[in-house]
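Enquirer: The structure that follows is given in the form of structure tokens.
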Amino acid sequence: MDRSHLPIGVFDSGVGGVSVLRELRKLMPNENYIFYGDSKNAPYGTKDTETVLKLTCQDAEHLLKQGVKALVVACNTATSAGISTLRQKYKNIPVIGIEPALKPAIEKNPGQLAHPHIIVMATPMTLREEKFHQLMRLYEFHADIFPLPCPGLVEFVEHGEFDGENVTNLLERLFEPYRNSKIDGVVLGCTHYPFAKQTIQKVIGPHIPLFDGGAGTARETKRRLRQEGIFSRSAEIGTVVFQNSLQDTFILNLCRQLLER
Ligand code: DGL
């Protein structure tokens, strides 16, 4: 059966995964997408791993029931808790995850510094999990890596607040320990954070490069679809359907706005 016309299922704990959906659409505009956000249970990043694993499997089921041809886990936290379980459970479709963009931050550092100082902003869970520790071990001889858990930031983005006094105050408090340190790059290791990019840049200074994993995840998704022979053959621009565990107009409108941001 030809599955190339079927939609790609993309999910996140909430609206943050739209930053990945944006990249997917840029790279593959002819695909159809269903985006599911579990805003009712957001944030995931401050919960325990077992709970997040359960929620991640529920999110995947929600999309699989609708006949998607591939699953994109547009959430670093859900990827660390559940990607291996999802891959074991659903062997017949590609399951693509996201991880903090440490590799590009080190390899594509504009100054090509010998031993850059990189801050990784992410949820407490992402930074606590073994998956991130493995990633850190890969690069620990090439850079000084500083994990920075950012509880609270996701909630602002979920409410459509990306700038203003409260977000700025939170970010200033988080970056306070690095005020007088040399920083060569900051990784946005949570898919909600790219929406607060301008405020982050304002707080850390305009010359420090920011890195996120959205574009890399989109490229990997394209590679997998081609490999499986299920890349869309349509010449038309595809559709995007937004769904959310909160049946609420505010959150669905926020997703639509974020896609165009
Ligand atoms: N957007 C998610 C991520 O990439 C997590 C947000 C949350 O804590 O729910 O990690």
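A note on labels: chains of the structure tokens are A, B, ... as shown, every chain counts residues from 1, and ligands are counted from 1 in their shown order.
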Can I get the residues close to ligand 1 as a list in words, where close means within 7 Å and we count only C-alpha atoms and all ligand atoms?
Expert: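 Going residue by residue within 7 Å of ligand 1, we get Asp12, Ser13, Gly14, Gly16, Gly17, Ala42, Pro43, Tyr44, Gly45, Thr46, Ala74, Cys75, Asn76, Thr77, Ala78, Ala122, Thr123, Thr126, Val154, Gly189, Cys190, Thr191 and His192 of chain A.
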Enquirer: May I have the residues within 10 Å of Gln198 (chain A) as a list in words, using only C-alpha atoms and disregarding those fewer than 6 positions away in the same chain?
Expert: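 Once the nearby chain positions are removed, what remains is Phe162, Asp163 and Pro206 of chain A.
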Enquirer: Write out as a ChimeraX atom specification each polymer residue whose atoms come within 12 Å of Gln201 (chain A), counting only C-alpha atoms; drop sequence neighbours fewer than 6 positions from it.
Expert: /A:162-163,168,171-172,175,185-188,193-195,207-211
Enquirer: Please report the interatomic distance between CA of Phe141 (chain A) and CA of Pro116 (chain A) in Å with one decimal.
Expert: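 Spanning CA of Phe141 (chain A) to CA of Pro116 (chain A) is a straight-line distance of 10.5 Å.
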Enquirer: Find, counting only C-alpha atoms, the residue in A:Ile106, A:Ala101, A:Val72, A:Leu53 that gets nearest to Arg224 (chain A).
Expert: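 Looking only at the distances to Arg224 (chain A), the closest residue turns out to be A:Val72.
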Enquirer: What's around Tyr90 (chain A) at 10 Å? Count only C-alpha atoms, leave out sequence neighbours fewer than 5 positions away in its own chain, and write the answer as a list of chain:residue names.
Expert: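 Within the cut-off, the hits are A:Ala60, A:Leu64, A:Ala70, A:Leu71, A:Thr85, A:Val95.
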Enquirer: Once you have the residues from the selection above, write them out as a PDB file, in the first residue's frame, restricted to all heavy atoms.
Expert:
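Full text of out.pdb as output:
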ATOM      1  N   ALA A  60       1.686   9.406  21.430  1.00  0.00           N
ATOM      2  CA  ALA A  60       1.987   8.642  20.216  1.00  0.00           C
ATOM      3  C   ALA A  60       0.746   7.868  19.763  1.00  0.00           C
ATOM      4  O   ALA A  60       0.384   7.890  18.578  1.00  0.00           O
ATOM      5  CB  ALA A  60       3.155   7.697  20.477  1.00  0.00           C
ATOM      6  N   LEU A  64      -1.162   7.795  16.192  1.00  0.00           N
ATOM      7  CA  LEU A  64      -1.137   6.548  15.415  1.00  0.00           C
ATOM      8  C   LEU A  64      -2.554   6.092  15.056  1.00  0.00           C
ATOM      9  O   LEU A  64      -2.779   5.557  13.967  1.00  0.00           O
ATOM     10  CB  LEU A  64      -0.392   5.460  16.186  1.00  0.00           C
ATOM     11  CG  LEU A  64       1.123   5.701  16.209  1.00  0.00           C
ATOM     12  CD1 LEU A  64       1.783   4.907  17.316  1.00  0.00           C
ATOM     13  CD2 LEU A  64       1.739   5.360  14.859  1.00  0.00           C
ATOM     14  N   ALA A  70       4.538   8.576   9.948  1.00  0.00           N
ATOM     15  CA  ALA A  70       5.781   8.743  10.721  1.00  0.00           C
ATOM     16  C   ALA A  70       5.450   9.549  11.966  1.00  0.00           C
ATOM     17  O   ALA A  70       4.457  10.286  11.982  1.00  0.00           O
ATOM     18  CB  ALA A  70       6.828   9.483   9.893  1.00  0.00           C
ATOM     19  N   LEU A  71       6.286   9.385  12.988  1.00  0.00           N
ATOM     20  CA  LEU A  71       6.076  10.119  14.246  1.00  0.00           C
ATOM     21  C   LEU A  71       7.289  10.985  14.524  1.00  0.00           C
ATOM     22  O   LEU A  71       8.419  10.487  14.524  1.00  0.00           O
ATOM     23  CB  LEU A  71       5.989   9.133  15.402  1.00  0.00           C
ATOM     24  CG  LEU A  71       4.656   8.622  15.906  1.00  0.00           C
ATOM     25  CD1 LEU A  71       4.903   7.743  17.132  1.00  0.00           C
ATOM     26  CD2 LEU A  71       3.701   9.759  16.252  1.00  0.00           C
ATOM     27  N   THR A  85      11.473   3.275  23.912  1.00  0.00           N
ATOM     28  CA  THR A  85      10.228   2.509  24.078  1.00  0.00           C
ATOM     29  C   THR A  85       9.355   2.649  22.822  1.00  0.00           C
ATOM     30  O   THR A  85       8.831   1.651  22.310  1.00  0.00           O
ATOM     31  CB  THR A  85       9.445   3.026  25.312  1.00  0.00           C
ATOM     32  OG1 THR A  85      10.312   2.982  26.425  1.00  0.00           O
ATOM     33  CG2 THR A  85       8.197   2.218  25.582  1.00  0.00           C
ATOM     34  N   VAL A  95      10.269   6.674  13.723  1.00  0.00           N
ATOM     35  CA  VAL A  95      10.037   7.498  14.918  1.00  0.00           C
ATOM     36  C   VAL A  95      11.282   8.369  15.086  1.00  0.00           C
ATOM     37  O   VAL A  95      12.376   7.869  15.328  1.00  0.00           O
ATOM     38  CB  VAL A  95       9.841   6.614  16.173  1.00  0.00           C
ATOM     39  CG1 VAL A  95       9.602   7.483  17.417  1.00  0.00           C
ATOM     40  CG2 VAL A  95       8.674   5.634  15.990  1.00  0.00           C
TER      41      VAL A  95
END
Enquirer: Give the alpha helix (DSSP H) residues of region 31-243 of chain A, as DSSP finds them on the backbone, and put them as JSON, numbers by chain.
Expert: {"A": [49, 50, 51, 52, 53, 54, 55, 56, 57, 58, 59, 60, 61, 62, 63, 64, 76, 77, 78, 79, 80, 81, 82, 83, 84, 85, 86, 87, 88, 89, 102, 103, 104, 105, 106, 107, 124, 125, 126, 127, 128, 130, 131, 132, 133, 134, 135, 136, 137, 138, 139, 153, 154, 155, 156, 157, 158, 165, 166, 167, 168, 169, 170, 171, 172, 173, 174, 175, 197, 198, 199, 200, 201, 202, 203, 204, 214, 215, 216, 217, 218, 219, 220, 221, 222, 223, 224, 225, 226, 227, 228]}
Enquirer: With a distance cut-off of 12 Å and only C-alpha atoms, select the neighbouring residues of Lys182 (chain A), excluding the residue or stretch itself and same-chain residues fewer than 6 positions from it, and output the selection as a PyMOL selection string.
Expert: chain A and resi 115-119+144-146+204-205+207-208
Enquirer: Identify all residues of region 7-222 of chain A in strand (DSSP E) (DSSP on the backbone) and supply them as a PyMOL selection string.
Expert: chain A and resi 8-12+33-37+70-73+95-96+117-122+144-149+185-188+210-212
Enquirer: Produce a file of the selected residues containing N, CA and C atoms, as a compact mmCIF listing (two decimals), in the first residue's frame.
Expert:
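Once written, result34.txt looks like this:
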# COMPACT_ATOMS: atom_id res chain seq x y z
N ILE A 8 2.13 13.22 8.57
CA ILE A 8 3.20 12.99 9.55
C ILE A 8 2.64 13.46 10.90
N GLY A 9 2.77 12.65 11.93
CA GLY A 9 2.30 13.03 13.27
C GLY A 9 3.43 13.66 14.04
N VAL A 10 3.19 14.85 14.59
CA VAL A 10 4.21 15.58 15.35
C VAL A 10 3.62 15.87 16.73
N PHE A 11 4.35 15.58 17.80
CA PHE A 11 3.79 15.93 19.11
C PHE A 11 4.80 16.51 20.09
N ASP A 12 4.23 17.19 21.07
CA ASP A 12 5.02 17.83 22.13
C ASP A 12 4.15 17.87 23.39
N TYR A 33 0.47 17.43 7.86
CA TYR A 33 0.90 17.25 9.25
C TYR A 33 -0.29 17.26 10.22
N ILE A 34 -0.20 16.43 11.25
CA ILE A 34 -1.10 16.57 12.40
C ILE A 34 -0.19 16.90 13.58
N PHE A 35 -0.44 18.04 14.22
CA PHE A 35 0.35 18.42 15.39
C PHE A 35 -0.50 18.24 16.64
N TYR A 36 -0.02 17.45 17.58
CA TYR A 36 -0.74 17.24 18.84
C TYR A 36 0.08 17.77 20.00
N GLY A 37 -0.52 18.69 20.75
CA GLY A 37 0.14 19.23 21.96
C GLY A 37 -0.62 18.76 23.19
N ALA A 70 4.54 8.58 9.95
CA ALA A 70 5.78 8.74 10.72
C ALA A 70 5.45 9.55 11.97
N LEU A 71 6.29 9.38 12.99
CA LEU A 71 6.08 10.12 14.25
C LEU A 71 7.29 10.99 14.52
N VAL A 72 7.07 12.28 14.76
CA VAL A 72 8.16 13.15 15.16
C VAL A 72 7.91 13.58 16.61
N VAL A 73 8.81 13.20 17.49
CA VAL A 73 8.69 13.58 18.89
C VAL A 73 9.37 14.95 19.02
N VAL A 95 10.27 6.67 13.72
CA VAL A 95 10.04 7.50 14.92
C VAL A 95 11.28 8.37 15.09
N ILE A 96 11.09 9.67 14.91
CA ILE A 96 12.23 10.59 14.95
C ILE A 96 12.15 11.44 16.22
N HIS A 117 32.97 27.46 25.39
CA HIS A 117 32.14 27.33 26.60
C HIS A 117 30.68 27.39 26.15
N ILE A 118 29.96 26.27 26.35
CA ILE A 118 28.59 26.17 25.83
C ILE A 118 27.61 25.94 26.98
N ILE A 119 26.56 26.76 27.02
CA ILE A 119 25.49 26.57 28.01
C ILE A 119 24.36 25.81 27.33
N VAL A 120 23.84 24.78 28.00
CA VAL A 120 22.71 24.04 27.45
C VAL A 120 21.48 24.31 28.32
N MET A 121 20.56 25.10 27.78
CA MET A 121 19.29 25.36 28.48
C MET A 121 18.35 24.20 28.15
N ALA A 122 17.71 23.61 29.14
CA ALA A 122 16.75 22.53 28.88
C ALA A 122 15.90 22.33 30.13
N ASP A 144 33.69 23.07 27.14
CA ASP A 144 33.20 23.12 28.53
C ASP A 144 31.70 23.27 28.42
N ILE A 145 30.98 22.30 28.96
CA ILE A 145 29.53 22.27 28.79
C ILE A 145 28.87 22.56 30.14
N PHE A 146 27.96 23.55 30.14
CA PHE A 146 27.28 23.93 31.38
C PHE A 146 25.77 23.71 31.24
N PRO A 147 25.23 22.62 31.84
CA PRO A 147 23.78 22.40 31.77
C PRO A 147 23.05 23.44 32.63
N LEU A 148 22.01 24.03 32.05
CA LEU A 148 21.24 25.04 32.78
C LEU A 148 19.75 24.69 32.78
N PRO A 149 19.28 24.03 33.86
CA PRO A 149 17.84 23.72 33.92
C PRO A 149 17.04 25.01 34.02
N GLY A 185 28.40 30.05 23.22
CA GLY A 185 27.18 29.61 22.53
C GLY A 185 26.17 29.12 23.55
N VAL A 186 24.89 29.22 23.20
CA VAL A 186 23.82 28.74 24.08
C VAL A 186 22.92 27.81 23.28
N VAL A 187 22.72 26.61 23.79
CA VAL A 187 21.86 25.63 23.13
C VAL A 187 20.46 25.74 23.74
N LEU A 188 19.45 25.86 22.87
CA LEU A 188 18.06 25.89 23.32
C LEU A 188 17.56 24.44 23.28
N LEU A 210 22.92 31.32 19.27
CA LEU A 210 21.96 30.37 19.85
C LEU A 210 21.79 29.20 18.88
N PHE A 211 21.61 28.01 19.41
CA PHE A 211 21.46 26.81 18.56
C PHE A 211 20.24 26.03 19.02
N ASP A 212 19.41 25.60 18.06
CA ASP A 212 18.33 24.68 18.44
C ASP A 212 18.27 23.52 17.46
Enquirer: Quick one, how far is CA of Leu27 (chain A) from CA of Ala218 (chain A)?
Expert: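 Pair CA of Leu27 (chain A) / CA of Ala218 (chain A) returns 6.9 Å.
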Enquirer: What separation in Å, quoted to one decimal, exists between CA of Phe231 (chain A) and CA of Ser4 (chain A)?
Expert: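 These atoms are spaced 5.4 Å apart.
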Enquirer: Given only C-alpha atoms as the basis, pick out the residue of A:Ser19, A:Glu99, A:Asn169, A:Met136 nearest to Glu220 (chain A).
Expert: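 Among the listed residues, A:Glu99 lies closest to Glu220 (chain A).
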Enquirer: Kindly indicate which residue among A:Gly216, A:Leu86, A:Gly152, A:Lys197 lies nearest to Glu61 (chain A), using only C-alpha atoms for the distances.
Expert: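 For Glu61 (chain A), the nearest of the candidates is A:Leu86.
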Enquirer: In terms of the shortest atom-to-atom distance over only C-alpha atoms, which of A:Lys69, A:Gln257, A:Leu225, A:Phe250 is closest to Met28 (chain A)?
Expert: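 Answer, going by the shortest atom-to-atom distance: A:Leu225.
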